[in-house]
Amino acid sequence: MPDRSFLNWPFFEERHRQLADQLDAWCAKNLPVDHHDVDAACRELVAKLGRDGWLKPTALDTDNPGPLDVRTLCITRETLARHDGLADFSFAMQGLGTGALSLFGTPEQQHWLDQTRAGKAISAFALSEPRSGSDVANMEMTATRDGDDYLLTGEKTWISNGGIANLYIVFARTAEAPGAKGISAFIVPAATAGLSIAERLETIAPHPLARLSFDNARVPASALIGKPGDGFRIAMSVLDVFRSTVGAAALGFARRALDESVSRAAERELFGAPMADLQMVQGHIADMALDVDAAALLVYRAAWTKDMGAPRVTREAAMAKLFATDRAQEVIDTAVQLHGGDGVRKDHIVESLYREIRALRIYEGASDVQKVVIARQVMGAA
Ligand SMILES: Cc1cc2nc3c(=O)[nH]c(=O)nc-3n(C[C@H](O)[C@H](O)[C@H](O)COP(=O)(O)OP(=O)(O)OC[C@H]3O[C@@H](n4cnc5c(N)ncnc54)[C@H](O)[C@@H]3O)c2cc1C
């Protein structure tokens, strides 16, 4: 039984505790889904999560607008990740993909949100390019004004939901200024002529991922989110909301690894006694529990701070993401070790966690980048 005591921390309200319980029960009934065809699995997950109302917190409710509740996003990601990494992915992408619309869209543009919150449309966030991942401001893709339209030309890569998304939020250079100040954000429906899937990408933990090609893809000027040149600020604001939720997903994976290890240590006999009697094993369990609690404190501190109205949580979110993802990697590695040969058996739960966790230390700002961000915040405040 996973430790639920963190839900009594002062970061949470009763509605968060209820959500955690109800979602956990839903997950026990509905997850995991069959992962063999990841596109089909993700379509099914988005449809099911939407049908049962779990996608509502991912985006602005246009009938009752208010800020996104980051604690709800984090509890949901943590819970889904504990049950099924692909379910967490499907939930998270509905939020990341539409974040620019929730935060900066016009009412006309926000019509997409009713569909994504209901699981009737799938969204994607297209920022990275082959030559600009960490160095976002160096992007090359262009958006050129042509009468009442923009023409988008270039490539995006590592785009989650690439190939199954109905809408892409695409960042491109409109050249108002060099570097970060010359980037704008656009809504690009998947059916747009000139947009194609150049390559599907396979990774150690399969998810729908693609490299996208844009060849004079025409979108109306009304597809521009915010003003020309706002794109970099929009992307960073979206990441400011969602970055701590990556830490929450890592926390869910780590918690599952800890739970599996505790069960294993209780059930397995070694040298005529339960494995749990070995003090070295107890030492590993203690280290894992410490990492899990410390990660949870950082993740929910960041989420709470944002929910309390902080305009930016750059430092808190970077710390939460860096610590939770790095420590989850260590916790899961220990879980593999404690499972012996079973730990590396294909599709054993700890083997799949071992593959699932790795990319979280790379996307939405690699661990090294988070360190740079934290150092700048700390030194800037000194
Ligand atoms: C599974 C997965 C899903 C993804 N989904 C999306 C998505 O939906 N949308 C999207 O736009 N992108 C997505 N990405 C792309 C992701 O954001 C980039 O991979 C990431 O930003 C790193 O960029 P890069 O791969 O170009 O590596 P590089 O930028 O080449 O960086 C490589 C390494 O260099 C080091 N490094 C980089 N910068 C610094 C620095 N300033 N100081 C010190 N060290 C540094 C880090 O160790 C980093 O890992 C996804 C990536 C993966 C793996």
# chains A, B, ... in the order shown; residues from 1 in each chain; ligands from 1
$ closest_atom_pairs --of "chain A" --to "ligand 1" --cutoff "6 Å" --atoms "only C-alpha atoms and all ligand atoms" --output "CSV"
residue,atom,partner,partner_atom_place_in_ligand_line,distance
A:Phe125,CA,ligand 1,9 (N),4.9
A:Ala126,CA,ligand 1,11 (O),4.2
A:Leu127,CA,ligand 1,11 (O),3.4
A:Ser128,CA,ligand 1,11 (O),3.8
A:Ser132,CA,ligand 1,26 (O),5.4
A:Gly133,CA,ligand 1,23 (O),3.2
A:Ser134,CA,ligand 1,29 (O),3.7
A:Asp135,CA,ligand 1,29 (O),5.9
A:Trp158,CA,ligand 1,14 (N),4.5
A:Ile159,CA,ligand 1,7 (C),4.0
A:Ser160,CA,ligand 1,8 (O),3.8
A:Ala359,CA,ligand 1,53 (C),5.0
A:Ile362,CA,ligand 1,49 (O),5.3
A:Tyr363,CA,ligand 1,17 (O),3.8
A:Glu364,CA,ligand 1,17 (O),4.7
A:Gly365,CA,ligand 1,21 (O),5.1
A:Ala366,CA,ligand 1,49 (O),4.8
A:Asp368,CA,ligand 1,44 (N),4.6
A:Val369,CA,ligand 1,40 (C),4.8
$ write_last_selection --atoms "all heavy atoms" --output "compact mmCIF listing (two decimals), in the first residue's frame"
# COMPACT_ATOMS: atom_id res chain seq x y z
N PHE A 125 3.11 20.01 -28.19
CA PHE A 125 3.88 21.24 -27.95
C PHE A 125 5.15 21.12 -28.80
O PHE A 125 6.00 20.27 -28.52
CB PHE A 125 4.20 21.26 -26.46
CG PHE A 125 5.05 22.40 -25.95
CD1 PHE A 125 4.50 23.64 -25.71
CD2 PHE A 125 6.39 22.20 -25.65
CE1 PHE A 125 5.27 24.67 -25.18
CE2 PHE A 125 7.17 23.22 -25.13
CZ PHE A 125 6.60 24.46 -24.90
N ALA A 126 5.26 21.94 -29.85
CA ALA A 126 6.36 21.76 -30.81
C ALA A 126 7.36 22.91 -30.71
O ALA A 126 7.22 23.93 -31.39
CB ALA A 126 5.79 21.63 -32.22
N LEU A 127 8.36 22.71 -29.86
CA LEU A 127 9.37 23.74 -29.61
C LEU A 127 10.74 23.30 -30.15
O LEU A 127 11.41 24.04 -30.83
CB LEU A 127 9.44 23.98 -28.09
CG LEU A 127 10.39 25.06 -27.57
CD1 LEU A 127 9.93 26.44 -28.03
CD2 LEU A 127 10.44 25.04 -26.03
N SER A 128 11.15 22.06 -29.83
CA SER A 128 12.52 21.61 -30.13
C SER A 128 12.75 21.40 -31.62
O SER A 128 11.84 21.02 -32.36
CB SER A 128 12.81 20.29 -29.41
OG SER A 128 12.60 20.43 -28.03
N SER A 132 18.25 22.88 -32.16
CA SER A 132 18.00 23.71 -30.96
C SER A 132 17.05 22.97 -30.03
O SER A 132 15.84 23.00 -30.20
CB SER A 132 17.44 25.08 -31.34
OG SER A 132 16.12 24.99 -31.77
N GLY A 133 17.66 22.29 -29.06
CA GLY A 133 16.89 21.62 -28.01
C GLY A 133 17.00 22.46 -26.75
O GLY A 133 16.12 23.27 -26.44
N SER A 134 18.13 22.33 -26.06
CA SER A 134 18.36 23.17 -24.87
C SER A 134 18.46 24.64 -25.27
O SER A 134 17.99 25.52 -24.55
CB SER A 134 19.66 22.75 -24.17
OG SER A 134 19.67 21.37 -23.93
N ASP A 135 19.06 24.89 -26.43
CA ASP A 135 19.30 26.27 -26.88
C ASP A 135 18.11 26.73 -27.72
O ASP A 135 18.22 26.96 -28.92
CB ASP A 135 20.60 26.27 -27.70
CG ASP A 135 21.05 27.68 -28.05
OD1 ASP A 135 20.42 28.64 -27.57
OD2 ASP A 135 22.02 27.80 -28.81
N TRP A 158 11.43 15.55 -31.82
CA TRP A 158 11.12 15.05 -30.48
C TRP A 158 9.74 15.50 -30.04
O TRP A 158 9.55 15.81 -28.85
CB TRP A 158 12.16 15.53 -29.45
CG TRP A 158 13.51 14.99 -29.69
CD1 TRP A 158 14.62 15.70 -29.99
CD2 TRP A 158 13.91 13.61 -29.63
NE1 TRP A 158 15.68 14.84 -30.15
CE2 TRP A 158 15.27 13.56 -29.93
CE3 TRP A 158 13.22 12.41 -29.37
CZ2 TRP A 158 15.98 12.37 -29.98
CZ3 TRP A 158 13.94 11.23 -29.41
CH2 TRP A 158 15.30 11.22 -29.72
N ILE A 159 8.80 15.59 -30.96
CA ILE A 159 7.50 16.13 -30.58
C ILE A 159 6.60 15.00 -30.08
O ILE A 159 6.19 14.12 -30.85
CB ILE A 159 6.86 16.89 -31.77
CG1 ILE A 159 7.85 17.97 -32.27
CG2 ILE A 159 5.53 17.50 -31.35
CD1 ILE A 159 8.45 18.87 -31.20
N SER A 160 6.33 15.06 -28.77
CA SER A 160 5.45 14.06 -28.15
C SER A 160 4.05 14.21 -28.72
O SER A 160 3.57 15.34 -28.90
CB SER A 160 5.42 14.27 -26.63
OG SER A 160 6.71 14.09 -26.10
N ALA A 359 14.14 9.53 -19.75
CA ALA A 359 13.93 10.73 -20.58
C ALA A 359 13.51 11.94 -19.75
O ALA A 359 13.71 13.09 -20.17
CB ALA A 359 12.87 10.44 -21.65
N ILE A 362 15.93 14.59 -19.32
CA ILE A 362 16.39 15.28 -20.54
C ILE A 362 15.36 16.32 -21.00
O ILE A 362 15.70 17.46 -21.30
CB ILE A 362 16.65 14.25 -21.66
CG1 ILE A 362 17.82 13.34 -21.25
CG2 ILE A 362 16.94 14.95 -22.99
CD1 ILE A 362 18.06 12.17 -22.17
N TYR A 363 14.07 15.91 -21.05
CA TYR A 363 13.11 16.86 -21.65
C TYR A 363 12.61 17.90 -20.64
O TYR A 363 12.80 17.78 -19.46
CB TYR A 363 11.96 16.15 -22.36
CG TYR A 363 11.03 15.28 -21.55
CD1 TYR A 363 10.25 15.78 -20.54
CD2 TYR A 363 10.90 13.93 -21.88
CE1 TYR A 363 9.36 14.99 -19.85
CE2 TYR A 363 10.02 13.11 -21.19
CZ TYR A 363 9.26 13.66 -20.17
OH TYR A 363 8.38 12.86 -19.49
N GLU A 364 12.00 18.96 -21.23
CA GLU A 364 11.58 20.16 -20.47
C GLU A 364 12.74 20.72 -19.65
O GLU A 364 12.57 21.13 -18.50
CB GLU A 364 10.35 19.86 -19.59
CG GLU A 364 9.12 19.63 -20.46
CD GLU A 364 7.83 19.58 -19.69
OE1 GLU A 364 7.64 20.40 -18.78
OE2 GLU A 364 7.01 18.72 -20.02
N GLY A 365 13.92 20.70 -20.25
CA GLY A 365 15.12 21.24 -19.60
C GLY A 365 15.91 20.13 -18.95
O GLY A 365 15.50 19.59 -17.92
N ALA A 366 17.06 19.78 -19.56
CA ALA A 366 17.91 18.71 -19.02
C ALA A 366 18.40 19.08 -17.61
O ALA A 366 18.40 20.25 -17.23
CB ALA A 366 19.09 18.49 -19.96
N ASP A 368 21.29 19.34 -16.34
CA ASP A 368 22.36 20.36 -16.29
C ASP A 368 21.78 21.76 -16.47
O ASP A 368 22.24 22.72 -15.85
CB ASP A 368 23.39 20.09 -17.40
CG ASP A 368 23.95 18.69 -17.29
OD1 ASP A 368 24.66 18.41 -16.32
OD2 ASP A 368 23.63 17.86 -18.16
N VAL A 369 20.79 21.85 -17.34
CA VAL A 369 20.17 23.16 -17.59
C VAL A 369 19.46 23.64 -16.31
O VAL A 369 19.51 24.82 -15.96
CB VAL A 369 19.20 23.09 -18.79
CG1 VAL A 369 18.44 24.39 -18.97
CG2 VAL A 369 19.95 22.71 -20.06
$ select_by_dssp --residues "region 110-143 of chain A" --states "helix (DSSP H, G or I)" --output "number ranges by chain"
A: 111-117, 136-138
$ write_last_selection --atoms "N, CA, C and O atoms" --output "CSV table (one decimal), in the first residue's frame"
chain,number,residue,atom,x,y,z
A,111,HIS,N,-11.4,27.6,-28.1
A,111,HIS,CA,-12.4,26.6,-28.3
A,111,HIS,C,-11.8,25.2,-28.3
A,111,HIS,O,-12.5,24.2,-28.1
A,112,TRP,N,-10.5,25.2,-28.7
A,112,TRP,CA,-9.8,23.9,-28.7
A,112,TRP,C,-9.9,23.2,-27.3
A,112,TRP,O,-9.8,22.0,-27.1
A,113,LEU,N,-9.9,24.1,-26.2
A,113,LEU,CA,-9.7,23.5,-24.9
A,113,LEU,C,-10.9,22.6,-24.5
A,113,LEU,O,-10.7,21.7,-23.7
A,114,ASP,N,-12.1,23.0,-24.9
A,114,ASP,CA,-13.3,22.2,-24.6
A,114,ASP,C,-13.0,20.7,-25.1
A,114,ASP,O,-13.4,19.7,-24.5
A,115,GLN,N,-12.4,20.7,-26.3
A,115,GLN,CA,-12.2,19.3,-26.9
A,115,GLN,C,-11.1,18.6,-26.2
A,115,GLN,O,-11.2,17.4,-26.0
A,116,THR,N,-10.0,19.3,-25.9
A,116,THR,CA,-8.8,18.5,-25.3
A,116,THR,C,-9.2,18.1,-23.9
A,116,THR,O,-8.8,17.0,-23.4
A,117,ARG,N,-10.0,18.9,-23.2
A,117,ARG,CA,-10.3,18.6,-21.8
A,117,ARG,C,-11.3,17.4,-21.7
A,117,ARG,O,-11.5,16.7,-20.7
A,136,VAL,N,17.0,26.9,-27.0
A,136,VAL,CA,15.7,27.2,-27.7
A,136,VAL,C,15.8,28.5,-28.6
A,136,VAL,O,15.3,28.5,-29.7
A,137,ALA,N,16.5,29.5,-28.0
A,137,ALA,CA,16.5,30.8,-28.7
A,137,ALA,C,17.2,30.7,-30.1
A,137,ALA,O,17.1,31.6,-30.9
A,138,ASN,N,17.9,29.6,-30.3
A,138,ASN,CA,18.6,29.4,-31.6
A,138,ASN,C,17.7,28.8,-32.6
A,138,ASN,O,18.3,28.4,-33.7
$ closest_atom_pairs --of "region 40-115 of chain A" --to "region 203-224 of chain A" --cutoff "9 Å" --atoms "only C-alpha atoms" --output "CSV"
residue,atom,partner,partner_atom,distance
A:Cys42,CA,A:Pro208,CA,7.9
A:Gly85,CA,A:Ala205,CA,9.0
A:Leu86,CA,A:His207,CA,7.2
A:Phe89,CA,A:His207,CA,8.0
A:Gly105,CA,A:Leu224,CA,8.9
A:Gln109,CA,A:Ala223,CA,7.5
$ closest_atom_pairs --of "region 197-258 of chain A" --to "region 285-299 of chain A" --cutoff "12 Å" --atoms "only C-alpha atoms" --output "tab-separated table"
residue	atom	partner	partner_atom	distance
A:Val241	CA	A:Val299	CA	11.8
A:Phe242	CA	A:Val299	CA	11.1
A:Arg243	CA	A:Val299	CA	9.6
A:Ser244	CA	A:Val299	CA	5.8
A:Thr245	CA	A:Val299	CA	7.5
A:Val246	CA	A:Val299	CA	9.0
A:Gly247	CA	A:Val299	CA	6.1
A:Ala248	CA	A:Val299	CA	6.2
A:Ala249	CA	A:Val299	CA	9.9
A:Ala250	CA	A:Ala295	CA	8.9
A:Leu251	CA	A:Val292	CA	6.5
A:Gly252	CA	A:Val292	CA	9.0
A:Phe253	CA	A:Val292	CA	9.8
A:Ala254	CA	A:Val292	CA	6.6
A:Arg255	CA	A:Val292	CA	6.5
A:Arg256	CA	A:Val292	CA	10.1
A:Ala257	CA	A:Met288	CA	8.8
A:Leu258	CA	A:Met288	CA	6.4
$ write_last_selection --atoms "N, CA, C and O atoms" --output "short mmCIF file (atom, residue, chain, number, x, y, z; two decimals), in the first residue's frame"
data_model
loop_
_atom_site.label_atom_id
_atom_site.label_comp_id
_atom_site.auth_asym_id
_atom_site.auth_seq_id
_atom_site.Cartn_x
_atom_site.Cartn_y
_atom_site.Cartn_z
N VAL A 241 4.75 26.48 -15.49
CA VAL A 241 3.61 25.79 -14.86
C VAL A 241 3.85 24.28 -14.85
O VAL A 241 3.62 23.60 -13.85
N PHE A 242 4.35 23.75 -15.97
CA PHE A 242 4.37 22.29 -16.12
C PHE A 242 5.66 21.61 -15.67
O PHE A 242 5.69 20.40 -15.51
N ARG A 243 6.73 22.40 -15.44
CA ARG A 243 8.01 21.77 -15.12
C ARG A 243 7.94 21.00 -13.80
O ARG A 243 8.48 19.89 -13.70
N SER A 244 7.27 21.56 -12.80
CA SER A 244 7.23 20.82 -11.52
C SER A 244 6.39 19.55 -11.66
O SER A 244 6.58 18.59 -10.91
N THR A 245 5.50 19.51 -12.66
CA THR A 245 4.70 18.29 -12.85
C THR A 245 5.54 17.15 -13.40
O THR A 245 5.19 15.98 -13.22
N VAL A 246 6.66 17.48 -14.07
CA VAL A 246 7.58 16.41 -14.51
C VAL A 246 8.19 15.76 -13.26
O VAL A 246 8.33 14.54 -13.17
N GLY A 247 8.51 16.60 -12.28
CA GLY A 247 9.01 16.08 -11.00
C GLY A 247 7.96 15.18 -10.35
O GLY A 247 8.28 14.15 -9.75
N ALA A 248 6.69 15.56 -10.49
CA ALA A 248 5.61 14.76 -9.89
C ALA A 248 5.51 13.39 -10.56
O ALA A 248 5.29 12.37 -9.88
N ALA A 249 5.69 13.35 -11.86
CA ALA A 249 5.67 12.05 -12.56
C ALA A 249 6.83 11.19 -12.07
O ALA A 249 6.66 9.99 -11.79
N ALA A 250 8.02 11.80 -11.96
CA ALA A 250 9.19 11.06 -11.47
C ALA A 250 8.92 10.52 -10.06
O ALA A 250 9.29 9.39 -9.72
N LEU A 251 8.25 11.34 -9.27
CA LEU A 251 7.89 10.94 -7.91
C LEU A 251 6.97 9.71 -7.93
O LEU A 251 7.14 8.78 -7.13
N GLY A 252 6.02 9.70 -8.86
CA GLY A 252 5.13 8.54 -8.99
C GLY A 252 5.90 7.28 -9.34
O GLY A 252 5.67 6.20 -8.77
N PHE A 253 6.85 7.42 -10.29
CA PHE A 253 7.67 6.25 -10.66
C PHE A 253 8.49 5.77 -9.46
O PHE A 253 8.61 4.57 -9.20
N ALA A 254 9.08 6.73 -8.74
CA ALA A 254 9.94 6.38 -7.59
C ALA A 254 9.11 5.72 -6.48
O ALA A 254 9.54 4.74 -5.88
N ARG A 255 7.93 6.25 -6.25
CA ARG A 255 7.07 5.68 -5.20
C ARG A 255 6.69 4.23 -5.56
O ARG A 255 6.69 3.36 -4.69
N ARG A 256 6.41 4.00 -6.83
CA ARG A 256 6.07 2.64 -7.26
C ARG A 256 7.29 1.71 -7.05
O ARG A 256 7.14 0.58 -6.56
N ALA A 257 8.48 2.22 -7.39
CA ALA A 257 9.71 1.41 -7.22
C ALA A 257 9.94 1.08 -5.75
O ALA A 257 10.32 -0.04 -5.39
N LEU A 258 9.68 2.05 -4.89
CA LEU A 258 9.84 1.82 -3.45
C LEU A 258 8.82 0.78 -2.97
O LEU A 258 9.19 -0.17 -2.25
#
$ select_by_dssp --residues "region 138-187 of chain A" --states "strand (DSSP E or B)" --output "PDB file with N, CA, C and O atoms, in the first residue's frame"
ATOM      1  N   THR A 142      10.953  29.128 -39.600  1.00  0.00           N
ATOM      2  CA  THR A 142      10.483  30.491 -39.860  1.00  0.00           C
ATOM      3  C   THR A 142       8.965  30.541 -40.046  1.00  0.00           C
ATOM      4  O   THR A 142       8.350  29.575 -40.498  1.00  0.00           O
ATOM      5  N   ALA A 143       8.405  31.676 -39.683  1.00  0.00           N
ATOM      6  CA  ALA A 143       7.000  31.977 -39.975  1.00  0.00           C
ATOM      7  C   ALA A 143       7.008  33.324 -40.686  1.00  0.00           C
ATOM      8  O   ALA A 143       7.360  34.344 -40.085  1.00  0.00           O
ATOM      9  N   THR A 144       6.650  33.313 -41.966  1.00  0.00           N
ATOM     10  CA  THR A 144       6.744  34.534 -42.776  1.00  0.00           C
ATOM     11  C   THR A 144       5.343  35.042 -43.085  1.00  0.00           C
ATOM     12  O   THR A 144       4.482  34.271 -43.531  1.00  0.00           O
ATOM     13  N   ARG A 145       5.146  36.314 -42.863  1.00  0.00           N
ATOM     14  CA  ARG A 145       3.820  36.901 -43.127  1.00  0.00           C
ATOM     15  C   ARG A 145       3.547  36.911 -44.637  1.00  0.00           C
ATOM     16  O   ARG A 145       4.427  37.289 -45.428  1.00  0.00           O
ATOM     17  N   ASP A 146       2.343  36.467 -45.015  1.00  0.00           N
ATOM     18  CA  ASP A 146       1.953  36.463 -46.428  1.00  0.00           C
ATOM     19  C   ASP A 146       0.491  36.913 -46.487  1.00  0.00           C
ATOM     20  O   ASP A 146      -0.415  36.105 -46.339  1.00  0.00           O
ATOM     21  N   ASP A 149      -2.046  35.705 -43.839  1.00  0.00           N
ATOM     22  CA  ASP A 149      -1.589  34.397 -43.338  1.00  0.00           C
ATOM     23  C   ASP A 149      -0.128  34.455 -42.897  1.00  0.00           C
ATOM     24  O   ASP A 149       0.573  35.448 -43.112  1.00  0.00           O
ATOM     25  N   TYR A 150       0.304  33.336 -42.296  1.00  0.00           N
ATOM     26  CA  TYR A 150       1.736  33.087 -42.083  1.00  0.00           C
ATOM     27  C   TYR A 150       2.081  31.778 -42.787  1.00  0.00           C
ATOM     28  O   TYR A 150       1.272  30.834 -42.803  1.00  0.00           O
ATOM     29  N   LEU A 151       3.306  31.712 -43.327  1.00  0.00           N
ATOM     30  CA  LEU A 151       3.800  30.475 -43.943  1.00  0.00           C
ATOM     31  C   LEU A 151       4.912  29.926 -43.056  1.00  0.00           C
ATOM     32  O   LEU A 151       5.913  30.612 -42.804  1.00  0.00           O
ATOM     33  N   LEU A 152       4.737  28.696 -42.574  1.00  0.00           N
ATOM     34  CA  LEU A 152       5.699  28.076 -41.654  1.00  0.00           C
ATOM     35  C   LEU A 152       6.591  27.105 -42.424  1.00  0.00           C
ATOM     36  O   LEU A 152       6.076  26.225 -43.131  1.00  0.00           O
ATOM     37  N   THR A 153       7.890  27.270 -42.246  1.00  0.00           N
ATOM     38  CA  THR A 153       8.838  26.395 -42.939  1.00  0.00           C
ATOM     39  C   THR A 153       9.961  25.998 -41.999  1.00  0.00           C
ATOM     40  O   THR A 153      10.548  26.855 -41.329  1.00  0.00           O
ATOM     41  N   GLY A 154      10.238  24.694 -41.963  1.00  0.00           N
ATOM     42  CA  GLY A 154      11.337  24.202 -41.120  1.00  0.00           C
ATOM     43  C   GLY A 154      10.978  22.860 -40.518  1.00  0.00           C
ATOM     44  O   GLY A 154      10.070  22.169 -41.000  1.00  0.00           O
ATOM     45  N   GLU A 155      11.695  22.498 -39.444  1.00  0.00           N
ATOM     46  CA  GLU A 155      11.490  21.180 -38.810  1.00  0.00           C
ATOM     47  C   GLU A 155      11.369  21.315 -37.300  1.00  0.00           C
ATOM     48  O   GLU A 155      11.999  22.182 -36.693  1.00  0.00           O
ATOM     49  N   LYS A 156      10.576  20.445 -36.722  1.00  0.00           N
ATOM     50  CA  LYS A 156      10.515  20.292 -35.256  1.00  0.00           C
ATOM     51  C   LYS A 156      10.819  18.828 -34.967  1.00  0.00           C
ATOM     52  O   LYS A 156      10.428  17.942 -35.754  1.00  0.00           O
ATOM     53  N   THR A 157      11.481  18.563 -33.868  1.00  0.00           N
ATOM     54  CA  THR A 157      11.751  17.161 -33.577  1.00  0.00           C
ATOM     55  C   THR A 157      11.490  16.837 -32.107  1.00  0.00           C
ATOM     56  O   THR A 157      11.324  17.742 -31.298  1.00  0.00           O
ATOM     57  N   TRP A 158      11.431  15.545 -31.823  1.00  0.00           N
ATOM     58  CA  TRP A 158      11.117  15.045 -30.478  1.00  0.00           C
ATOM     59  C   TRP A 158       9.740  15.502 -30.036  1.00  0.00           C
ATOM     60  O   TRP A 158       9.549  15.812 -28.851  1.00  0.00           O
ATOM     61  N   ILE A 159       8.803  15.586 -30.957  1.00  0.00           N
ATOM     62  CA  ILE A 159       7.497  16.129 -30.583  1.00  0.00           C
ATOM     63  C   ILE A 159       6.596  15.000 -30.081  1.00  0.00           C
ATOM     64  O   ILE A 159       6.185  14.118 -30.845  1.00  0.00           O
ATOM     65  N   SER A 160       6.327  15.058 -28.770  1.00  0.00           N
ATOM     66  CA  SER A 160       5.454  14.063 -28.148  1.00  0.00           C
ATOM     67  C   SER A 160       4.055  14.209 -28.717  1.00  0.00           C
ATOM     68  O   SER A 160       3.572  15.336 -28.904  1.00  0.00           O
ATOM     69  N   LEU A 167      -3.855  18.886 -32.819  1.00  0.00           N
ATOM     70  CA  LEU A 167      -3.340  20.254 -32.940  1.00  0.00           C
ATOM     71  C   LEU A 167      -1.947  20.343 -32.358  1.00  0.00           C
ATOM     72  O   LEU A 167      -1.626  19.644 -31.379  1.00  0.00           O
ATOM     73  N   TYR A 168      -1.125  21.162 -33.022  1.00  0.00           N
ATOM     74  CA  TYR A 168       0.247  21.415 -32.578  1.00  0.00           C
ATOM     75  C   TYR A 168       0.366  22.901 -32.236  1.00  0.00           C
ATOM     76  O   TYR A 168      -0.088  23.747 -33.009  1.00  0.00           O
ATOM     77  N   ILE A 169       0.972  23.184 -31.084  1.00  0.00           N
ATOM     78  CA  ILE A 169       1.350  24.568 -30.796  1.00  0.00           C
ATOM     79  C   ILE A 169       2.807  24.675 -31.228  1.00  0.00           C
ATOM     80  O   ILE A 169       3.688  24.004 -30.676  1.00  0.00           O
ATOM     81  N   VAL A 170       3.030  25.493 -32.249  1.00  0.00           N
ATOM     82  CA  VAL A 170       4.329  25.520 -32.931  1.00  0.00           C
ATOM     83  C   VAL A 170       5.001  26.874 -32.713  1.00  0.00           C
ATOM     84  O   VAL A 170       4.364  27.926 -32.863  1.00  0.00           O
ATOM     85  N   PHE A 171       6.284  26.818 -32.378  1.00  0.00           N
ATOM     86  CA  PHE A 171       7.062  28.044 -32.164  1.00  0.00           C
ATOM     87  C   PHE A 171       7.968  28.249 -33.373  1.00  0.00           C
ATOM     88  O   PHE A 171       8.644  27.316 -33.815  1.00  0.00           O
ATOM     89  N   ALA A 172       7.960  29.469 -33.902  1.00  0.00           N
ATOM     90  CA  ALA A 172       8.746  29.735 -35.117  1.00  0.00           C
ATOM     91  C   ALA A 172       9.254  31.169 -35.084  1.00  0.00           C
ATOM     92  O   ALA A 172       8.707  32.035 -34.384  1.00  0.00           O
ATOM     93  N   ARG A 173      10.282  31.371 -35.886  1.00  0.00           N
ATOM     94  CA  ARG A 173      10.955  32.675 -35.901  1.00  0.00           C
ATOM     95  C   ARG A 173      10.204  33.655 -36.809  1.00  0.00           C
ATOM     96  O   ARG A 173      10.034  33.388 -37.999  1.00  0.00           O
ATOM     97  N   ILE A 183      10.678  35.209 -31.732  1.00  0.00           N
ATOM     98  CA  ILE A 183       9.973  33.926 -31.865  1.00  0.00           C
ATOM     99  C   ILE A 183       8.487  34.143 -31.557  1.00  0.00           C
ATOM    100  O   ILE A 183       8.140  34.906 -30.655  1.00  0.00           O
ATOM    101  N   SER A 184       7.623  33.462 -32.305  1.00  0.00           N
ATOM    102  CA  SER A 184       6.172  33.583 -32.077  1.00  0.00           C
ATOM    103  C   SER A 184       5.556  32.195 -31.990  1.00  0.00           C
ATOM    104  O   SER A 184       6.152  31.215 -32.429  1.00  0.00           O
ATOM    105  N   ALA A 185       4.353  32.144 -31.425  1.00  0.00           N
ATOM    106  CA  ALA A 185       3.673  30.852 -31.219  1.00  0.00           C
ATOM    107  C   ALA A 185       2.408  30.796 -32.073  1.00  0.00           C
ATOM    108  O   ALA A 185       1.674  31.790 -32.171  1.00  0.00           O
ATOM    109  N   PHE A 186       2.157  29.619 -32.662  1.00  0.00           N
ATOM    110  CA  PHE A 186       1.022  29.451 -33.577  1.00  0.00           C
ATOM    111  C   PHE A 186       0.240  28.179 -33.258  1.00  0.00           C
ATOM    112  O   PHE A 186       0.829  27.174 -32.842  1.00  0.00           O
ATOM    113  N   ILE A 187      -1.055  28.237 -33.548  1.00  0.00           N
ATOM    114  CA  ILE A 187      -1.879  27.030 -33.488  1.00  0.00           C
ATOM    115  C   ILE A 187      -1.879  26.421 -34.886  1.00  0.00           C
ATOM    116  O   ILE A 187      -2.264  27.090 -35.861  1.00  0.00           O
TER     117      ILE A 187
END
$ atom_distance --atom1 "CA of Ala266 (chain A)" --atom2 "CA of Met280 (chain A)"
14.1 Å
$ atom_distance --atom1 "CA of Ala28 (chain A)" --atom2 "CA of Lys48 (chain A)"
13.8 Å
$ residues_around --residues "Ile75 (chain A)" --least-positions-apart "6" --cutoff "12 Å" --atoms "only C-alpha atoms" --output "JSON, numbers by chain"
{"A": [4, 6, 7, 11, 12, 13, 15, 16, 17, 18, 19, 20, 21, 22, 23, 24, 54, 57, 69, 81, 82, 88, 91, 92, 244, 245, 246, 247, 248, 249, 250, 251, 252, 296, 299, 300, 303, 304]}
$ closest_atom_pairs --of "region 60-115 of chain A" --to "region 228-240 of chain A" --cutoff "8 Å" --atoms "only C-alpha atoms" --output "JSON lines"
{"residue": "A:Leu96", "atom": "CA", "partner": "A:Val238", "partner_atom": "CA", "distance": 7.0}
{"residue": "A:Gly99", "atom": "CA", "partner": "A:Val238", "partner_atom": "CA", "distance": 5.5}
{"residue": "A:Ala100", "atom": "CA", "partner": "A:Val238", "partner_atom": "CA", "distance": 6.2}
{"residue": "A:Leu103", "atom": "CA", "partner": "A:Val238", "partner_atom": "CA", "distance": 7.6}
{"residue": "A:Phe104", "atom": "CA", "partner": "A:Ile234", "partner_atom": "CA", "distance": 7.5}
